[in-house]
file model01.tsv (TSV, C-alpha atoms)
chain	number	residue	atom	x	y	z
A	1	MET	CA	0.00	0.00	0.00
A	2	PHE	CA	2.96	2.33	0.59
A	3	LYS	CA	5.27	1.17	-2.20
A	4	ASP	CA	4.79	4.38	-4.21
A	5	LEU	CA	5.19	6.68	-1.20
A	6	ASN	CA	8.33	8.84	-1.24
A	7	TYR	CA	8.19	10.28	2.27
A	8	TYR	CA	10.39	13.33	1.78
A	9	GLU	CA	8.76	14.39	-1.48
A	10	TYR	CA	5.29	13.85	-0.01
A	11	VAL	CA	6.03	15.89	3.11
A	12	VAL	CA	7.44	18.78	1.10
A	13	ALA	CA	4.67	18.71	-1.53
A	14	ASN	CA	1.95	18.77	1.13
A	15	LYS	CA	3.84	21.14	3.45
A	16	LEU	CA	3.44	18.78	6.39
A	17	ASP	CA	6.66	20.11	7.90
A	18	GLU	CA	5.14	23.59	8.03
A	19	LEU	CA	1.85	22.22	9.37
A	20	LEU	CA	3.66	20.42	12.19
A	21	ASN	CA	6.28	23.14	12.73
A	22	ILE	CA	9.17	20.79	11.92
A	23	ASP	CA	12.59	21.66	10.55
A	24	LEU	CA	13.36	18.80	8.16
A	25	ASN	CA	17.08	19.45	8.36
A	26	GLU	CA	17.02	18.98	12.12
A	27	TYR	CA	14.51	16.11	12.09
A	28	GLY	CA	16.74	13.78	10.07
A	29	ASN	CA	15.53	10.57	8.42
A	30	ILE	CA	11.75	10.81	8.01
A	31	THR	CA	11.29	7.05	7.73
A	32	LYS	CA	13.20	6.21	10.92
A	33	LYS	CA	11.00	4.82	13.69
A	34	ILE	CA	11.42	6.69	17.00
A	35	ILE	CA	11.64	4.28	19.95
A	36	PRO	CA	12.09	5.89	23.41
A	37	ASP	CA	14.81	4.40	25.61
A	38	ASP	CA	12.46	4.32	28.61
A	39	PRO	CA	10.05	1.35	28.21
A	40	ASN	CA	7.50	3.13	30.42
A	41	TYR	CA	7.66	6.45	28.52
A	42	SER	CA	4.40	6.01	26.61
A	43	VAL	CA	2.50	4.38	29.50
A	44	SER	CA	3.22	6.93	32.23
A	45	ASN	CA	0.28	8.62	33.94
A	46	ASP	CA	2.57	11.50	34.93
A	47	LEU	CA	3.37	12.61	31.37
A	48	THR	CA	2.74	16.35	30.95
A	49	GLU	CA	4.21	16.84	27.47
A	50	PRO	CA	2.96	15.42	24.15
A	51	PHE	CA	4.83	12.56	22.54
A	52	CYS	CA	7.48	13.57	20.05
A	53	VAL	CA	6.30	13.89	16.45
A	54	GLU	CA	6.64	10.67	14.46
A	55	LEU	CA	6.69	12.05	10.94
A	56	ASP	CA	6.70	8.64	9.27
A	57	ASP	CA	3.37	7.68	10.87
A	58	LEU	CA	1.78	11.06	10.17
A	59	THR	CA	2.93	11.02	6.55
A	60	ARG	CA	1.39	7.60	6.00
A	61	LEU	CA	-1.81	8.76	7.68
A	62	HIS	CA	-2.12	11.81	5.42
A	63	TYR	CA	-1.31	9.65	2.37
A	64	LEU	CA	-4.07	7.14	3.23
A	65	LEU	CA	-6.68	9.87	3.61
A	66	ARG	CA	-5.73	11.46	0.31
A	67	LYS	CA	-5.33	8.20	-1.58
A	68	ASN	CA	-8.69	6.92	-0.35
A	69	LYS	CA	-10.46	10.26	-0.97
A	70	VAL	CA	-11.80	10.29	2.59
A	71	ILE	CA	-14.88	12.44	3.02
A	72	THR	CA	-15.84	12.03	6.70
A	73	ALA	CA	-13.49	10.86	9.46
A	74	ILE	CA	-13.65	9.94	13.13
A	75	GLU	CA	-10.46	10.28	15.15
A	76	ILE	CA	-10.34	8.62	18.56
A	77	GLY	CA	-7.74	10.53	20.57
A	78	SER	CA	-6.50	13.97	19.52
A	79	GLY	CA	-2.98	15.26	18.92
A	80	LYS	CA	-0.69	16.04	16.01
A	81	SER	CA	-2.78	13.60	13.98
A	82	THR	CA	-5.76	15.98	14.28
A	83	ALA	CA	-4.06	18.63	12.17
A	84	VAL	CA	-2.79	16.04	9.69
A	85	ILE	CA	-6.20	14.40	9.19
A	86	ALA	CA	-7.94	17.76	8.94
A	87	ASP	CA	-5.40	18.99	6.38
A	88	ALA	CA	-5.94	15.91	4.22
A	89	ILE	CA	-9.72	16.34	4.41
A	90	ARG	CA	-9.42	20.02	3.50
A	91	LYS	CA	-7.36	19.09	0.45
A	92	ASN	CA	-9.95	16.43	-0.45
A	93	LYS	CA	-12.65	19.08	-0.20
A	94	ASP	CA	-10.72	21.36	-2.54
A	95	ASP	CA	-10.32	18.53	-5.05
A	96	TYR	CA	-13.59	16.62	-4.79
A	97	ALA	CA	-16.35	18.82	-3.33
A	98	GLU	CA	-18.14	19.13	-6.66
A	99	GLN	CA	-18.04	15.36	-7.22
A	100	VAL	CA	-19.51	14.67	-3.77
A	101	LYS	CA	-22.21	17.33	-3.62
A	102	GLY	CA	-25.54	16.06	-4.90
A	103	ARG	CA	-24.13	12.64	-5.91
A	104	LEU	CA	-23.18	10.94	-2.67
A	105	ARG	CA	-25.17	10.56	0.54
A	106	LYS	CA	-22.63	12.32	2.80
A	107	ASN	CA	-24.35	14.73	5.18
A	108	ASN	CA	-21.16	15.36	7.17
A	109	ALA	CA	-18.97	15.79	4.13
A	110	PHE	CA	-15.41	16.97	4.74
A	111	GLU	CA	-15.61	16.90	8.52
A	112	LEU	CA	-13.32	15.39	11.14
A	113	HIS	CA	-15.03	14.36	14.38
A	114	THR	CA	-12.50	13.90	17.17
A	115	VAL	CA	-13.29	11.99	20.38
A	116	GLU	CA	-11.24	13.23	23.35
A	117	THR	CA	-11.42	12.51	27.09
A	118	SER	CA	-9.27	15.47	28.21
A	119	LYS	CA	-10.77	18.91	27.61
A	120	ALA	CA	-7.50	20.57	28.64
A	121	TRP	CA	-5.56	18.64	26.01
A	122	GLY	CA	-8.27	18.94	23.37
A	123	ASP	CA	-8.40	22.72	23.84
A	124	ILE	CA	-4.63	22.89	23.24
A	125	VAL	CA	-5.00	20.86	20.04
A	126	ILE	CA	-7.77	23.14	18.77
A	127	LYS	CA	-5.82	26.28	19.72
A	128	ASN	CA	-2.80	25.12	17.72
A	129	LEU	CA	-4.79	24.34	14.57
A	130	PRO	CA	-4.31	26.64	11.59
A	131	GLU	CA	-7.35	28.83	11.06
A	132	SER	CA	-8.08	27.10	7.75
A	133	LEU	CA	-8.72	23.82	9.60
A	134	ASN	CA	-10.91	25.08	12.47
A	135	LYS	CA	-14.21	24.56	10.67
A	136	ILE	CA	-13.29	21.02	9.66
A	137	VAL	CA	-12.59	19.70	13.18
A	138	LYS	CA	-15.53	18.93	15.49
A	139	MET	CA	-14.18	18.10	18.97
A	140	HIS	CA	-16.26	15.80	21.19
A	141	TYR	CA	-15.32	15.77	24.89
A	142	VAL	CA	-16.52	12.52	26.41
A	143	LYS	CA	-15.96	10.20	29.35
A	144	CYS	CA	-14.67	6.65	29.05
A	145	GLU	CA	-15.26	3.69	31.34
A	146	MET	CA	-14.55	0.01	31.72
A	147	THR	CA	-17.22	-2.30	30.29
A	148	MET	CA	-17.80	-5.76	28.82
A	149	PHE	CA	-18.18	-6.77	25.17
A	150	ASN	CA	-18.91	-10.42	24.38
A	151	ASP	CA	-17.97	-11.23	27.98
A	152	ARG	CA	-14.55	-9.60	27.51
A	153	VAL	CA	-13.28	-6.67	29.59
A	154	CYS	CA	-12.69	-3.53	27.50
A	155	THR	CA	-13.42	0.21	27.42
A	156	VAL	CA	-16.25	2.29	25.96
A	157	PHE	CA	-17.01	5.99	25.54
A	158	ASN	CA	-20.28	7.20	27.04
A	159	GLN	CA	-20.95	9.27	23.91
A	160	PHE	CA	-19.85	8.77	20.31
A	161	PRO	CA	-20.30	10.93	17.19
A	162	ASN	CA	-23.60	10.02	15.52
A	163	ILE	CA	-22.23	10.18	11.99
A	164	CYS	CA	-21.33	7.73	9.22
A	165	PRO	CA	-17.55	7.92	8.67
A	166	ASP	CA	-15.64	6.37	5.80
A	167	PHE	CA	-12.41	6.56	7.84
A	168	ILE	CA	-11.69	5.87	11.52
A	169	TYR	CA	-8.34	6.51	13.19
A	170	LEU	CA	-8.11	4.65	16.50
A	171	ASP	CA	-5.39	6.15	18.71
A	172	GLY	CA	-7.22	6.55	22.02
A	173	PRO	CA	-8.15	6.55	24.78
A	174	ASP	CA	-4.97	6.30	26.82
A	175	GLN	CA	-5.12	3.48	29.33
A	176	PHE	CA	-5.50	5.77	32.35
A	177	SER	CA	-8.58	7.67	31.15
A	178	PRO	CA	-11.26	4.95	31.56
A	179	VAL	CA	-12.89	5.02	35.01
A	180	ASN	CA	-14.19	2.20	37.22
A	181	ASP	CA	-13.25	-1.46	36.89
A	182	ILE	CA	-14.76	-4.84	36.11
A	183	CYS	CA	-14.20	-7.18	39.06
A	184	GLY	CA	-10.99	-5.31	39.82
A	185	ILE	CA	-9.76	-5.33	36.20
A	186	SER	CA	-9.06	-2.06	34.42
A	187	THR	CA	-6.59	-0.62	31.93
A	188	SER	CA	-5.20	1.73	34.60
A	189	HIS	CA	-1.89	-0.07	34.99
A	190	PRO	CA	1.35	0.55	33.04
A	191	ASP	CA	1.50	-3.09	31.95
A	192	ARG	CA	-2.05	-3.09	30.58
A	193	MET	CA	-2.93	-1.89	27.07
A	194	PRO	CA	-5.85	0.00	25.49
A	195	MET	CA	-8.86	-2.13	24.55
A	196	ALA	CA	-11.61	-0.01	22.99
A	197	CYS	CA	-14.82	-1.70	21.79
A	198	ASP	CA	-16.64	1.34	20.35
A	199	ILE	CA	-16.05	0.40	16.71
A	200	LEU	CA	-17.46	-3.07	17.34
A	201	ARG	CA	-20.66	-1.55	18.69
A	202	ILE	CA	-21.24	0.40	15.47
A	203	GLU	CA	-19.78	-2.16	13.04
A	204	HIS	CA	-23.05	-2.84	11.20
A	205	PHE	CA	-23.51	0.89	10.58
A	206	LEU	CA	-20.14	1.16	8.83
A	207	LEU	CA	-20.45	1.15	5.04
A	208	PRO	CA	-18.52	-1.11	2.67
A	209	GLY	CA	-15.26	0.62	1.84
A	210	THR	CA	-14.83	2.08	5.34
A	211	MET	CA	-11.18	2.10	6.44
A	212	ILE	CA	-9.98	1.75	10.05
A	213	VAL	CA	-6.39	2.55	10.99
A	214	LEU	CA	-4.68	1.82	14.31
A	215	ASP	CA	-1.31	3.29	15.22
A	216	GLY	CA	0.25	0.47	17.24
A	217	ARG	CA	-2.37	-0.91	19.67
A	218	THR	CA	-1.80	-4.44	18.42
A	219	ALA	CA	-3.80	-6.03	21.26
A	220	ASN	CA	-6.77	-3.81	20.43
A	221	ALA	CA	-6.42	-4.62	16.72
A	222	ARG	CA	-6.55	-8.35	17.52
A	223	PHE	CA	-9.58	-7.74	19.73
A	224	LEU	CA	-11.35	-6.05	16.82
A	225	GLN	CA	-10.33	-8.72	14.34
A	226	ARG	CA	-11.67	-11.56	16.48
A	227	ASN	CA	-14.97	-9.85	17.24
A	228	PHE	CA	-15.88	-8.33	13.87
A	229	GLN	CA	-18.85	-10.02	12.19
A	230	LEU	CA	-18.62	-8.45	8.75
A	231	ASP	CA	-15.99	-9.28	6.13
A	232	TRP	CA	-12.95	-7.07	6.74
A	233	ASP	CA	-9.65	-7.08	4.93
A	234	TYR	CA	-6.99	-6.85	7.65
A	235	THR	CA	-3.28	-6.13	7.30
A	236	HIS	CA	-0.73	-5.62	10.05
A	237	TYR	CA	2.19	-3.64	8.67
A	238	SER	CA	4.61	-4.77	11.37
A	239	GLU	CA	7.50	-2.74	9.97
A	240	TYR	CA	5.43	0.43	10.54
A	241	ASP	CA	3.52	-0.85	13.59
A	242	ILE	CA	0.14	0.04	12.07
A	243	HIS	CA	-3.01	-1.98	11.43
A	244	ILE	CA	-5.45	-1.35	8.58
A	245	PHE	CA	-8.97	-2.78	8.25
A	246	ILE	CA	-11.16	-2.27	5.16
A	247	ASN	CA	-14.83	-3.26	5.00
A	248	LYS	CA	-15.06	-5.67	2.05
A	249	MET	CA	-18.80	-6.31	2.08
A	250	ASP	CA	-20.78	-5.86	-1.14
A	251	PRO	CA	-22.31	-2.40	-1.66
A	252	LEU	CA	-25.51	-1.76	0.29
A	253	GLY	CA	-27.21	0.02	-2.58
A	254	PRO	CA	-26.71	2.47	-5.44
A	255	TYR	CA	-25.41	5.36	-3.30
A	256	ASN	CA	-22.84	3.19	-1.54
A	257	ALA	CA	-21.82	1.70	-4.89
A	258	ARG	CA	-21.45	5.21	-6.28
A	259	GLU	CA	-19.23	6.18	-3.34
A	260	LEU	CA	-17.02	3.12	-3.89
A	261	ASP	CA	-16.76	3.99	-7.54
A	262	PHE	CA	-15.81	7.56	-6.63
A	263	LYS	CA	-13.09	6.29	-4.33
A	264	GLU	CA	-11.87	3.80	-6.93
A	265	ALA	CA	-11.87	1.40	-3.99
A	266	ASN	CA	-10.38	-1.45	-5.99
A	267	SER	CA	-6.99	0.25	-5.51
A	268	PHE	CA	-7.17	-0.77	-1.86
A	269	LEU	CA	-9.53	-3.75	-1.95
call {"tool": "encode", "arguments": {"input": "model01.tsv", "output": "structure tokens"}}
result
Amino acid sequence: MFKDLNYYEYVVANKLDELLNIDLNEYGNITKKIIPDDPNYSVSNDLTEPFCVELDDLTRLHYLLRKNKVITAIEIGSGKSTAVIADAIRKNKDDYAEQVKGRLRKNNAFELHTVETSKAWGDIVIKNLPESLNKIVKMHYVKCEMTMFNDRVCTVFNQFPNICPDFIYLDGPDQFSPVNDICGISTSHPDRMPMACDILRIEHFLLPGTMIVLDGRTANARFLQRNFQLDWDYTHYSEYDIHIFINKMDPLGPYNARELDFKEANSFL
């Protein structure tokens, strides 16, 4: 899926370095995976600063949104990815708005709905967005709690955007945000891992052609894979530590078929 992606040329052409306030000369090799020396760095409940920018992941994310002509996205967990997703959607709007309007059933066209548990962090993300992206991002501040799905302990948000996305980016919640426990079990431990079930609860509302991307979160990806009921194409790109699901079901009707044709979905399916 990424064979034709030249990271440096793509970043420069789309001005992702400017969007993320990165000096490419100082950053170094864009494709190099950043692995912190401290094994507990990303699972600390005391972290007060955002994770360092991983330009390789963000470049691939932007590329997927543009390549797949994403119209409406849900992002679970805000951050640098919020600006990147919104920028890709804005570019898609510039290129495809006339093709979507009046032809496709997309009532939230060219919107990014972001689910965030921390209002303080979400407000910072919104504040740092370029003005051109403010109208695209719809921030949803919600609570998260421990729950059960198919008799398995996991987490769930108490509210979720009531929209029909064609792209979902699962990168939240962090493991310390969910409240309560199930018989003493929760994700609030540095050796636990995130285990969100929200996508499973809305699976049958997701249209054929919908793409789901997870940045890391391998345990959660396996949880989704083993509980999905529809036919999903699933690939774990272990060298990038990302997981991609694509809904492979037959079109639901003429409008869904028209959307798949617009996306030229066979390039991914």
call {"tool": "closest_residue", "arguments": {"input": "model01.tsv", "among": "A:Val213, A:Met193, A:Cys52, A:Ile168", "to": "A:Thr72", "atoms": "only C-alpha atoms"}}
result
A:Ile168
call {"tool": "atom_distance", "arguments": {"input": "model01.tsv", "atom1": "atom CA of A:Ile71", "atom2": "atom CA of A:Lys106"}}
result
7.8 Å
call {"tool": "residues_around", "arguments": {"input": "model01.tsv", "residues": "A:Pro165", "least_positions_apart": "5", "cutoff": "10 Å", "atoms": "all atoms listed in the file", "output": "list of chain:residue names"}}
result
A:Val70, A:Ile71, A:Thr72, A:Ala73, A:Ile74, A:Glu75, A:Lys106, A:Asn108, A:Ala109, A:Glu111, A:Leu112, A:His113, A:Phe205, A:Leu206, A:Leu207, A:Thr210, A:Met211, A:Ile212
call {"tool": "atom_distance", "arguments": {"input": "model01.tsv", "atom1": "atom CA of A:Lys143", "atom2": "atom CA of A:Asn180"}}
result
11.4 Å
call {"tool": "closest_residue", "arguments": {"input": "model01.tsv", "among": "A:Arg60, A:Lys80, A:Arg105, A:Lys69", "to": "A:Asn92", "atoms": "only C-alpha atoms"}}
result
A:Lys69
call {"tool": "residues_near_point", "arguments": {"input": "model01.tsv", "point": "(-5.4, 10.8, 19.3)", "cutoff": "8 Å", "atoms": "all atoms listed in the file", "output": "PyMOL selection string"}}
result
chain A and resi 75-82+116+170-173
call {"tool": "atom_distance", "arguments": {"input": "model01.tsv", "atom1": "atom CA of A:Phe228", "atom2": "atom CA of A:Glu203"}}
result
7.3 Å
call {"tool": "residues_around", "arguments": {"input": "model01.tsv", "residues": "A:His62", "least_positions_apart": "5", "cutoff": "8 Å", "atoms": "only C-alpha atoms", "output": "list in words"}}
result
Val84, Ile85, Asp87 and Ala88 of chain A
call {"tool": "axis_aligned_box", "arguments": {"input": "model01.tsv", "around": "stretch 221-237 of chain A", "padding_each_side": "8 Å", "output": "AutoDock Vina command-line options"}}
result
--center_x -8.3 --center_y -7.6 --center_z 12.3 --size_x 37.0 --size_y 23.9 --size_z 30.8
call {"tool": "residues_around", "arguments": {"input": "model01.tsv", "residues": "A:Asp233", "least_positions_apart": "2", "cutoff": "7 Å", "atoms": "only C-alpha atoms", "output": "PyMOL selection string"}}
result
chain A and resi 231+235+245-248
call {"tool": "residues_around", "arguments": {"input": "model01.tsv", "residues": "stretch 124-133 of chain A", "least_positions_apart": "3", "cutoff": "7 Å", "atoms": "only C-alpha atoms", "output": "number ranges by chain"}}
result
A: 79, 83, 86-87, 120-121, 136-137
call {"tool": "closest_residue", "arguments": {"input": "model01.tsv", "among": "A:Asn29, A:Thr117, A:Asn150, A:Thr59", "to": "A:Ala13", "atoms": "only C-alpha atoms"}}
result
A:Thr59
call {"tool": "residues_around", "arguments": {"input": "model01.tsv", "residues": "A:Asp17", "least_positions_apart": "5", "cutoff": "12 Å", "atoms": "only C-alpha atoms", "output": "MDAnalysis selection string"}}
result
chainID A and resid 7:12 22:27 30 53:56 58:59 80 83:84
call {"tool": "closest_residue", "arguments": {"input": "model01.tsv", "among": "A:Met195, A:Leu260, A:Ser118, A:Thr218", "to": "A:Ser238", "atoms": "only C-alpha atoms"}}
result
A:Thr218
call {"tool": "closest_residue", "arguments": {"input": "model01.tsv", "among": "A:Lys15, A:Asn68, A:Leu61, A:Asp241", "to": "A:Glu264", "atoms": "only C-alpha atoms"}}
result
A:Asn68
call {"tool": "build_atoms", "arguments": {"input": "model01.tsv", "residues": "stretch 161-195 of chain A", "atoms": "N, CA and C atoms", "output": "PDB file, in the coordinates of the input"}}
result
ATOM      1  N   PRO A 161     -19.718  10.125  18.272  1.00  0.00           N
ATOM      2  CA  PRO A 161     -20.300  10.930  17.190  1.00  0.00           C
ATOM      3  C   PRO A 161     -21.330  10.143  16.388  1.00  0.00           C
ATOM      4  N   ASN A 162     -22.516  10.707  16.237  1.00  0.00           N
ATOM      5  CA  ASN A 162     -23.600  10.020  15.520  1.00  0.00           C
ATOM      6  C   ASN A 162     -23.531  10.378  14.034  1.00  0.00           C
ATOM      7  N   ILE A 163     -22.453   9.921  13.407  1.00  0.00           N
ATOM      8  CA  ILE A 163     -22.230  10.180  11.990  1.00  0.00           C
ATOM      9  C   ILE A 163     -21.840   8.873  11.314  1.00  0.00           C
ATOM     10  N   CYS A 164     -21.718   8.912   9.999  1.00  0.00           N
ATOM     11  CA  CYS A 164     -21.330   7.730   9.220  1.00  0.00           C
ATOM     12  C   CYS A 164     -19.977   8.004   8.565  1.00  0.00           C
ATOM     13  N   PRO A 165     -18.876   7.615   9.220  1.00  0.00           N
ATOM     14  CA  PRO A 165     -17.550   7.920   8.670  1.00  0.00           C
ATOM     15  C   PRO A 165     -17.134   6.918   7.610  1.00  0.00           C
ATOM     16  N   ASP A 166     -16.261   7.330   6.716  1.00  0.00           N
ATOM     17  CA  ASP A 166     -15.640   6.370   5.800  1.00  0.00           C
ATOM     18  C   ASP A 166     -14.186   6.129   6.199  1.00  0.00           C
ATOM     19  N   PHE A 167     -13.771   6.752   7.334  1.00  0.00           N
ATOM     20  CA  PHE A 167     -12.410   6.560   7.840  1.00  0.00           C
ATOM     21  C   PHE A 167     -12.428   6.731   9.351  1.00  0.00           C
ATOM     22  N   ILE A 168     -11.806   5.784  10.064  1.00  0.00           N
ATOM     23  CA  ILE A 168     -11.690   5.870  11.520  1.00  0.00           C
ATOM     24  C   ILE A 168     -10.227   5.671  11.900  1.00  0.00           C
ATOM     25  N   TYR A 169      -9.710   6.611  12.685  1.00  0.00           N
ATOM     26  CA  TYR A 169      -8.340   6.510  13.190  1.00  0.00           C
ATOM     27  C   TYR A 169      -8.412   6.243  14.682  1.00  0.00           C
ATOM     28  N   LEU A 170      -8.014   5.050  15.099  1.00  0.00           N
ATOM     29  CA  LEU A 170      -8.110   4.650  16.500  1.00  0.00           C
ATOM     30  C   LEU A 170      -6.748   4.823  17.169  1.00  0.00           C
ATOM     31  N   ASP A 171      -6.639   5.879  17.980  1.00  0.00           N
ATOM     32  CA  ASP A 171      -5.390   6.150  18.710  1.00  0.00           C
ATOM     33  C   ASP A 171      -5.714   6.653  20.114  1.00  0.00           C
ATOM     34  N   GLY A 172      -6.792   6.165  20.689  1.00  0.00           N
ATOM     35  CA  GLY A 172      -7.220   6.550  22.020  1.00  0.00           C
ATOM     36  C   GLY A 172      -8.310   5.603  22.485  1.00  0.00           C
ATOM     37  N   PRO A 173      -8.696   5.661  23.753  1.00  0.00           N
ATOM     38  CA  PRO A 173      -8.150   6.550  24.780  1.00  0.00           C
ATOM     39  C   PRO A 173      -6.825   6.009  25.319  1.00  0.00           C
ATOM     40  N   ASP A 174      -6.125   6.836  26.098  1.00  0.00           N
ATOM     41  CA  ASP A 174      -4.970   6.300  26.820  1.00  0.00           C
ATOM     42  C   ASP A 174      -5.496   5.372  27.909  1.00  0.00           C
ATOM     43  N   GLN A 175      -4.648   4.525  28.428  1.00  0.00           N
ATOM     44  CA  GLN A 175      -5.120   3.480  29.330  1.00  0.00           C
ATOM     45  C   GLN A 175      -5.502   3.976  30.712  1.00  0.00           C
ATOM     46  N   PHE A 176      -5.176   5.245  31.031  1.00  0.00           N
ATOM     47  CA  PHE A 176      -5.500   5.770  32.350  1.00  0.00           C
ATOM     48  C   PHE A 176      -6.792   6.598  32.367  1.00  0.00           C
ATOM     49  N   SER A 177      -7.370   6.860  31.205  1.00  0.00           N
ATOM     50  CA  SER A 177      -8.580   7.670  31.150  1.00  0.00           C
ATOM     51  C   SER A 177      -9.850   6.926  31.568  1.00  0.00           C
ATOM     52  N   PRO A 178     -10.024   5.648  31.187  1.00  0.00           N
ATOM     53  CA  PRO A 178     -11.260   4.950  31.560  1.00  0.00           C
ATOM     54  C   PRO A 178     -11.402   4.839  33.089  1.00  0.00           C
ATOM     55  N   VAL A 179     -12.615   5.075  33.576  1.00  0.00           N
ATOM     56  CA  VAL A 179     -12.890   5.020  35.010  1.00  0.00           C
ATOM     57  C   VAL A 179     -13.544   3.686  35.368  1.00  0.00           C
ATOM     58  N   ASN A 180     -13.576   3.395  36.664  1.00  0.00           N
ATOM     59  CA  ASN A 180     -14.190   2.200  37.220  1.00  0.00           C
ATOM     60  C   ASN A 180     -13.372   0.951  36.862  1.00  0.00           C
ATOM     61  N   ASP A 181     -13.905  -0.196  37.199  1.00  0.00           N
ATOM     62  CA  ASP A 181     -13.250  -1.460  36.890  1.00  0.00           C
ATOM     63  C   ASP A 181     -14.297  -2.546  36.761  1.00  0.00           C
ATOM     64  N   ILE A 182     -13.899  -3.668  36.216  1.00  0.00           N
ATOM     65  CA  ILE A 182     -14.760  -4.840  36.110  1.00  0.00           C
ATOM     66  C   ILE A 182     -14.144  -5.941  36.968  1.00  0.00           C
ATOM     67  N   CYS A 183     -14.731  -6.176  38.120  1.00  0.00           N
ATOM     68  CA  CYS A 183     -14.200  -7.180  39.060  1.00  0.00           C
ATOM     69  C   CYS A 183     -12.724  -6.940  39.359  1.00  0.00           C
ATOM     70  N   GLY A 184     -12.361  -5.663  39.499  1.00  0.00           N
ATOM     71  CA  GLY A 184     -10.990  -5.310  39.820  1.00  0.00           C
ATOM     72  C   GLY A 184     -10.090  -5.119  38.616  1.00  0.00           C
ATOM     73  N   ILE A 185     -10.569  -5.441  37.421  1.00  0.00           N
ATOM     74  CA  ILE A 185      -9.760  -5.330  36.200  1.00  0.00           C
ATOM     75  C   ILE A 185     -10.024  -3.997  35.521  1.00  0.00           C
ATOM     76  N   SER A 186      -8.944  -3.289  35.193  1.00  0.00           N
ATOM     77  CA  SER A 186      -9.060  -2.060  34.420  1.00  0.00           C
ATOM     78  C   SER A 186      -7.786  -1.898  33.598  1.00  0.00           C
ATOM     79  N   THR A 187      -7.792  -0.895  32.735  1.00  0.00           N
ATOM     80  CA  THR A 187      -6.590  -0.620  31.930  1.00  0.00           C
ATOM     81  C   THR A 187      -5.635   0.311  32.659  1.00  0.00           C
ATOM     82  N   SER A 188      -6.000   0.748  33.868  1.00  0.00           N
ATOM     83  CA  SER A 188      -5.200   1.730  34.600  1.00  0.00           C
ATOM     84  C   SER A 188      -4.014   1.076  35.299  1.00  0.00           C
ATOM     85  N   HIS A 189      -3.116   0.550  34.491  1.00  0.00           N
ATOM     86  CA  HIS A 189      -1.890  -0.070  34.990  1.00  0.00           C
ATOM     87  C   HIS A 189      -0.879   0.007  33.845  1.00  0.00           C
ATOM     88  N   PRO A 190       0.382   0.370  34.128  1.00  0.00           N
ATOM     89  CA  PRO A 190       1.350   0.550  33.040  1.00  0.00           C
ATOM     90  C   PRO A 190       1.610  -0.688  32.199  1.00  0.00           C
ATOM     91  N   ASP A 191       1.296  -1.867  32.728  1.00  0.00           N
ATOM     92  CA  ASP A 191       1.500  -3.090  31.950  1.00  0.00           C
ATOM     93  C   ASP A 191       0.262  -3.533  31.190  1.00  0.00           C
ATOM     94  N   ARG A 192      -0.851  -2.813  31.361  1.00  0.00           N
ATOM     95  CA  ARG A 192      -2.050  -3.090  30.580  1.00  0.00           C
ATOM     96  C   ARG A 192      -1.909  -2.408  29.217  1.00  0.00           C
ATOM     97  N   MET A 193      -2.920  -2.558  28.384  1.00  0.00           N
ATOM     98  CA  MET A 193      -2.930  -1.890  27.070  1.00  0.00           C
ATOM     99  C   MET A 193      -4.353  -1.453  26.750  1.00  0.00           C
ATOM    100  N   PRO A 194      -4.509  -0.468  25.879  1.00  0.00           N
ATOM    101  CA  PRO A 194      -5.850   0.000  25.490  1.00  0.00           C
ATOM    102  C   PRO A 194      -6.661  -1.130  24.866  1.00  0.00           C
ATOM    103  N   MET A 195      -7.992  -1.073  25.075  1.00  0.00           N
ATOM    104  CA  MET A 195      -8.860  -2.130  24.550  1.00  0.00           C
ATOM    105  C   MET A 195     -10.251  -1.567  24.275  1.00  0.00           C
TER     106      MET A 195
END
